[in-house]
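Participant: Sending over work34.tsv (TSV, N, CA and C atoms).
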```tsv
chain	number	residue	atom	x	y	z
A	1	MET	N	0.84	-1.17	0.00
A	1	MET	CA	0.00	0.00	0.00
A	1	MET	C	0.89	1.24	0.00
A	2	TRP	N	0.53	2.21	-0.78
A	2	TRP	CA	1.30	3.46	-0.85
A	2	TRP	C	0.97	4.34	0.33
A	3	THR	N	1.92	4.44	1.23
A	3	THR	CA	1.78	5.33	2.37
A	3	THR	C	2.97	6.28	2.38
A	4	THR	N	2.88	7.29	3.16
A	4	THR	CA	3.98	8.25	3.27
A	4	THR	C	5.25	7.56	3.76
A	5	GLU	N	5.11	6.58	4.63
A	5	GLU	CA	6.28	5.90	5.20
A	5	GLU	C	7.03	5.06	4.17
A	6	ASN	N	6.32	4.33	3.32
A	6	ASN	CA	7.03	3.44	2.40
A	6	ASN	C	7.24	4.01	1.01
A	7	ARG	N	6.71	5.16	0.73
A	7	ARG	CA	6.86	5.76	-0.60
A	7	ARG	C	8.33	5.97	-0.95
A	8	SER	N	9.16	6.35	0.02
A	8	SER	CA	10.58	6.59	-0.24
A	8	SER	C	11.31	5.31	-0.62
A	9	LEU	N	10.83	4.15	-0.18
A	9	LEU	CA	11.46	2.88	-0.54
A	9	LEU	C	11.37	2.59	-2.03
A	10	TYR	N	10.35	3.10	-2.67
A	10	TYR	CA	10.11	2.83	-4.09
A	10	TYR	C	10.47	4.00	-4.99
A	11	ASN	N	11.07	5.04	-4.45
A	11	ASN	CA	11.45	6.21	-5.23
A	11	ASN	C	12.64	5.87	-6.13
A	12	ARG	N	12.50	6.08	-7.44
A	12	ARG	CA	13.55	5.76	-8.39
A	12	ARG	C	14.13	7.01	-9.04
A	13	ASP	N	13.87	8.18	-8.47
A	13	ASP	CA	14.32	9.45	-9.04
A	13	ASP	C	15.84	9.59	-9.07
A	14	LYS	N	16.54	8.99	-8.14
A	14	LYS	CA	17.99	9.16	-8.06
A	14	LYS	C	18.75	8.14	-8.90
A	15	LEU	N	18.06	7.25	-9.56
A	15	LEU	CA	18.71	6.25	-10.42
A	15	LEU	C	18.94	6.83	-11.81
A	16	ARG	N	19.91	6.27	-12.51
A	16	ARG	CA	20.20	6.74	-13.87
A	16	ARG	C	19.01	6.47	-14.78
A	17	TYR	N	18.47	5.25	-14.71
A	17	TYR	CA	17.26	4.89	-15.45
A	17	TYR	C	16.28	4.28	-14.46
A	18	PRO	N	14.98	4.43	-14.68
A	18	PRO	CA	14.01	3.83	-13.75
A	18	PRO	C	14.13	2.31	-13.66
A	19	SER	N	14.71	1.67	-14.67
A	19	SER	CA	14.85	0.22	-14.66
A	19	SER	C	16.07	-0.26	-13.88
A	20	ASP	N	16.97	0.65	-13.49
A	20	ASP	CA	18.16	0.26	-12.73
A	20	ASP	C	17.78	-0.26	-11.36
A	21	LEU	N	18.61	-1.15	-10.83
A	21	LEU	CA	18.36	-1.72	-9.52
A	21	LEU	C	18.78	-0.76	-8.41
A	22	THR	N	17.99	-0.72	-7.37
A	22	THR	CA	18.40	0.03	-6.18
A	22	THR	C	19.41	-0.81	-5.41
A	23	ASP	N	20.07	-0.22	-4.44
A	23	ASP	CA	21.01	-0.97	-3.62
A	23	ASP	C	20.32	-2.11	-2.88
A	24	ALA	N	19.12	-1.87	-2.39
A	24	ALA	CA	18.37	-2.90	-1.68
A	24	ALA	C	18.02	-4.07	-2.61
A	25	GLU	N	17.62	-3.76	-3.84
A	25	GLU	CA	17.31	-4.82	-4.81
A	25	GLU	C	18.56	-5.61	-5.16
A	26	TRP	N	19.68	-4.91	-5.33
A	26	TRP	CA	20.93	-5.58	-5.68
A	26	TRP	C	21.40	-6.50	-4.54
A	27	ARG	N	21.13	-6.13	-3.30
A	27	ARG	CA	21.50	-7.00	-2.17
A	27	ARG	C	20.77	-8.33	-2.25
A	28	HIS	N	19.60	-8.34	-2.85
A	28	HIS	CA	18.85	-9.60	-3.02
A	28	HIS	C	19.34	-10.39	-4.23
A	29	ILE	N	19.63	-9.70	-5.31
A	29	ILE	CA	19.97	-10.36	-6.58
A	29	ILE	C	21.46	-10.69	-6.68
A	30	GLY	N	22.32	-9.83	-6.18
A	30	GLY	CA	23.77	-10.01	-6.30
A	30	GLY	C	24.29	-11.37	-5.89
A	31	PRO	N	23.86	-11.91	-4.75
A	31	PRO	CA	24.36	-13.22	-4.35
A	31	PRO	C	23.95	-14.37	-5.28
A	32	LEU	N	22.95	-14.14	-6.12
A	32	LEU	CA	22.50	-15.18	-7.05
A	32	LEU	C	23.35	-15.25	-8.32
A	33	ILE	N	24.16	-14.23	-8.56
A	33	ILE	CA	25.02	-14.18	-9.74
A	33	ILE	C	26.23	-15.09	-9.47
A	34	PRO	N	26.50	-16.03	-10.36
A	34	PRO	CA	27.63	-16.92	-10.12
A	34	PRO	C	28.95	-16.17	-10.18
A	35	PRO	N	29.95	-16.62	-9.42
A	35	PRO	CA	31.26	-15.97	-9.46
A	35	PRO	C	31.95	-16.23	-10.79
A	36	ALA	N	32.98	-15.44	-11.06
A	36	ALA	CA	33.76	-15.63	-12.29
A	36	ALA	C	34.40	-17.01	-12.26
A	37	LYS	N	34.62	-17.59	-13.43
A	37	LYS	CA	35.22	-18.91	-13.51
A	37	LYS	C	36.68	-18.86	-13.06
A	38	ARG	N	37.10	-19.90	-12.39
A	38	ARG	CA	38.49	-19.98	-11.93
A	38	ARG	C	39.41	-20.17	-13.13
A	39	GLY	N	40.55	-19.54	-13.06
A	39	GLY	CA	41.53	-19.69	-14.13
A	39	GLY	C	41.28	-18.78	-15.32
A	40	GLY	N	40.15	-18.15	-15.35
A	40	GLY	CA	39.84	-17.26	-16.46
A	40	GLY	C	40.32	-15.85	-16.18
A	41	GLY	N	40.11	-15.00	-17.13
A	41	GLY	CA	40.49	-13.60	-16.94
A	41	GLY	C	39.52	-12.90	-16.00
A	42	LYS	N	39.94	-11.77	-15.52
A	42	LYS	CA	39.10	-10.98	-14.62
A	42	LYS	C	37.92	-10.41	-15.41
A	43	ARG	N	36.79	-10.35	-14.77
A	43	ARG	CA	35.61	-9.77	-15.43
A	43	ARG	C	35.90	-8.33	-15.79
A	44	ARG	N	35.48	-7.95	-16.97
A	44	ARG	CA	35.71	-6.58	-17.45
A	44	ARG	C	34.49	-5.69	-17.25
A	45	VAL	N	33.38	-6.29	-16.91
A	45	VAL	CA	32.16	-5.52	-16.69
A	45	VAL	C	31.61	-5.81	-15.30
A	46	GLU	N	30.92	-4.85	-14.74
A	46	GLU	CA	30.25	-5.05	-13.46
A	46	GLU	C	28.95	-5.82	-13.71
A	47	MET	N	28.75	-6.88	-12.96
A	47	MET	CA	27.55	-7.70	-13.17
A	47	MET	C	26.28	-6.92	-12.86
A	48	ARG	N	26.36	-5.97	-11.96
A	48	ARG	CA	25.19	-5.14	-11.67
A	48	ARG	C	24.78	-4.37	-12.92
A	49	GLU	N	25.75	-3.88	-13.68
A	49	GLU	CA	25.44	-3.14	-14.90
A	49	GLU	C	24.86	-4.06	-15.96
A	50	VAL	N	25.29	-5.31	-16.00
A	50	VAL	CA	24.71	-6.28	-16.94
A	50	VAL	C	23.25	-6.51	-16.59
A	51	VAL	N	22.96	-6.70	-15.30
A	51	VAL	CA	21.57	-6.90	-14.87
A	51	VAL	C	20.75	-5.64	-15.16
A	52	ASN	N	21.34	-4.46	-14.91
A	52	ASN	CA	20.63	-3.21	-15.24
A	52	ASN	C	20.30	-3.15	-16.72
A	53	GLY	N	21.23	-3.59	-17.57
A	53	GLY	CA	21.00	-3.60	-19.01
A	53	GLY	C	19.88	-4.55	-19.40
A	54	VAL	N	19.86	-5.72	-18.80
A	54	VAL	CA	18.79	-6.69	-19.07
A	54	VAL	C	17.45	-6.12	-18.63
A	55	MET	N	17.42	-5.48	-17.48
A	55	MET	CA	16.18	-4.89	-17.00
A	55	MET	C	15.71	-3.77	-17.93
A	56	TYR	N	16.65	-2.97	-18.45
A	56	TYR	CA	16.30	-1.88	-19.38
A	56	TYR	C	15.69	-2.45	-20.65
A	57	VAL	N	16.33	-3.48	-21.20
A	57	VAL	CA	15.82	-4.09	-22.43
A	57	VAL	C	14.44	-4.68	-22.20
A	58	ALA	N	14.27	-5.35	-21.05
A	58	ALA	CA	12.98	-5.96	-20.75
A	58	ALA	C	11.89	-4.90	-20.56
A	59	GLU	N	12.24	-3.81	-19.89
A	59	GLU	CA	11.25	-2.76	-19.64
A	59	GLU	C	10.83	-2.06	-20.93
A	60	HIS	N	11.79	-1.83	-21.81
A	60	HIS	CA	11.49	-1.09	-23.04
A	60	HIS	C	11.17	-1.99	-24.23
A	61	ARG	N	11.18	-3.29	-23.99
A	61	ARG	CA	10.86	-4.28	-25.03
A	61	ARG	C	11.66	-4.06	-26.30
A	62	MET	N	12.95	-3.80	-26.09
A	62	MET	CA	13.85	-3.57	-27.22
A	62	MET	C	14.24	-4.90	-27.84
A	63	PRO	N	14.46	-4.92	-29.14
A	63	PRO	CA	14.99	-6.14	-29.74
A	63	PRO	C	16.41	-6.38	-29.25
A	64	VAL	N	16.79	-7.62	-29.10
A	64	VAL	CA	18.11	-7.96	-28.58
A	64	VAL	C	19.20	-7.41	-29.50
A	65	ALA	N	18.94	-7.28	-30.78
A	65	ALA	CA	19.94	-6.78	-31.71
A	65	ALA	C	20.35	-5.34	-31.39
A	66	ALA	N	19.52	-4.61	-30.68
A	66	ALA	CA	19.84	-3.23	-30.35
A	66	ALA	C	20.76	-3.11	-29.14
A	67	THR	N	21.03	-4.23	-28.48
A	67	THR	CA	21.87	-4.21	-27.28
A	67	THR	C	23.28	-4.65	-27.64
A	68	SER	N	24.17	-4.52	-26.70
A	68	SER	CA	25.54	-4.97	-26.89
A	68	SER	C	25.59	-6.49	-26.72
A	69	GLN	N	25.45	-7.20	-27.81
A	69	GLN	CA	25.40	-8.66	-27.76
A	69	GLN	C	26.70	-9.25	-27.23
A	70	LYS	N	27.81	-8.63	-27.57
A	70	LYS	CA	29.10	-9.15	-27.15
A	70	LYS	C	29.21	-9.14	-25.63
A	71	THR	N	28.82	-8.03	-25.01
A	71	THR	CA	28.89	-7.93	-23.55
A	71	THR	C	27.92	-8.90	-22.90
A	72	CYS	N	26.71	-9.00	-23.41
A	72	CYS	CA	25.72	-9.91	-22.84
A	72	CYS	C	26.16	-11.37	-22.99
A	73	HIS	N	26.74	-11.70	-24.14
A	73	HIS	CA	27.18	-13.07	-24.37
A	73	HIS	C	28.33	-13.42	-23.42
A	74	ARG	N	29.28	-12.51	-23.27
A	74	ARG	CA	30.40	-12.75	-22.36
A	74	ARG	C	29.91	-12.93	-20.93
A	75	ALA	N	28.96	-12.11	-20.53
A	75	ALA	CA	28.46	-12.18	-19.16
A	75	ALA	C	27.68	-13.46	-18.91
A	76	ALA	N	27.01	-13.96	-19.93
A	76	ALA	CA	26.19	-15.16	-19.78
A	76	ALA	C	27.01	-16.44	-19.77
A	77	ARG	N	28.23	-16.37	-20.25
A	77	ARG	CA	29.06	-17.58	-20.29
A	77	ARG	C	29.49	-18.02	-18.94
```
What would you get if you wrote out this structure as structure tokens?

Facilitator:
Amino acid sequence: MWTTENRSLYNRDKLRYPSDLTDAEWRHIGPLIPPAKRGGGKRRVEMREVVNGVMYVAEHRMPVAATSQKTCHRAAR
């Protein structure tokens, strides 16, 4: 229910895009992201930004071809 007390929890004005994750949301999702593979190179992208990108594409119903396929493919491996 939208009350004065909880309205600030759902405020997305300070985010770059409304689809970006808040810190509280990332605390729930971050632990579910698998760690980088052992012996491989260091990750070049922040996984939070990958998830933000997926959320942006999902929210705006963009075709996958309009996104950075290389980054998404690397992150999904």

Participant: Quick one: of A:Thr22, A:Gly39, A:Arg12, A:Pro34, who's nearest to Asn52 (chain A), counting only C-alpha atoms?

Facilitator: A:Thr22

Participant: With 5 Å on each side, where is the centre of the axis-aligned box around all listed atoms of region 42-48 of chain A, and how long are its edges in Å to one decimal, as JSON?

Facilitator:
```
{"center_x": 32.4, "center_y": -8.1, "center_z": -14.6, "size_x": 25.2, "size_y": 17.4, "size_z": 15.8}
```

Participant: What separation in Å, quoted to one decimal, exists between CA of Pro18 (chain A) and CA of Arg43 (chain A)?

Facilitator: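 It comes out at 25.6 Å.
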
Participant: I'd like to know which of A:Leu21, A:Arg16, A:Tyr10, A:Thr4 is closest to Val54 (chain A), using only C-alpha atoms.

Facilitator: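 Looking only at the distances to Val54 (chain A), the closest residue turns out to be A:Leu21.
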
Participant: What is the atom N of Arg7 (chain A)-atom N of Trp26 (chain A) distance in Å, reported with one decimal?

Facilitator: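 According to the coordinates, atom N of Arg7 (chain A) and atom N of Trp26 (chain A) are separated by 17.5 Å.
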
Participant: Quote the spacing between CA of His60 (chain A) and CA of Arg44 (chain A) in Å to one decimal place.

Facilitator: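 Spanning CA of His60 (chain A) to CA of Arg44 (chain A) is a straight-line distance of 25.5 Å.
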
Participant: Let me make sure I understand: among A:Leu32, A:Arg27, A:Asp20, A:Gly41, which one has the smallest atom-to-atom distance to Gly53 (chain A) if we use only C-alpha atoms?

Facilitator: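 When distances to Gly53 (chain A) are compared using only C-alpha atoms, the smallest one comes from A:Asp20.
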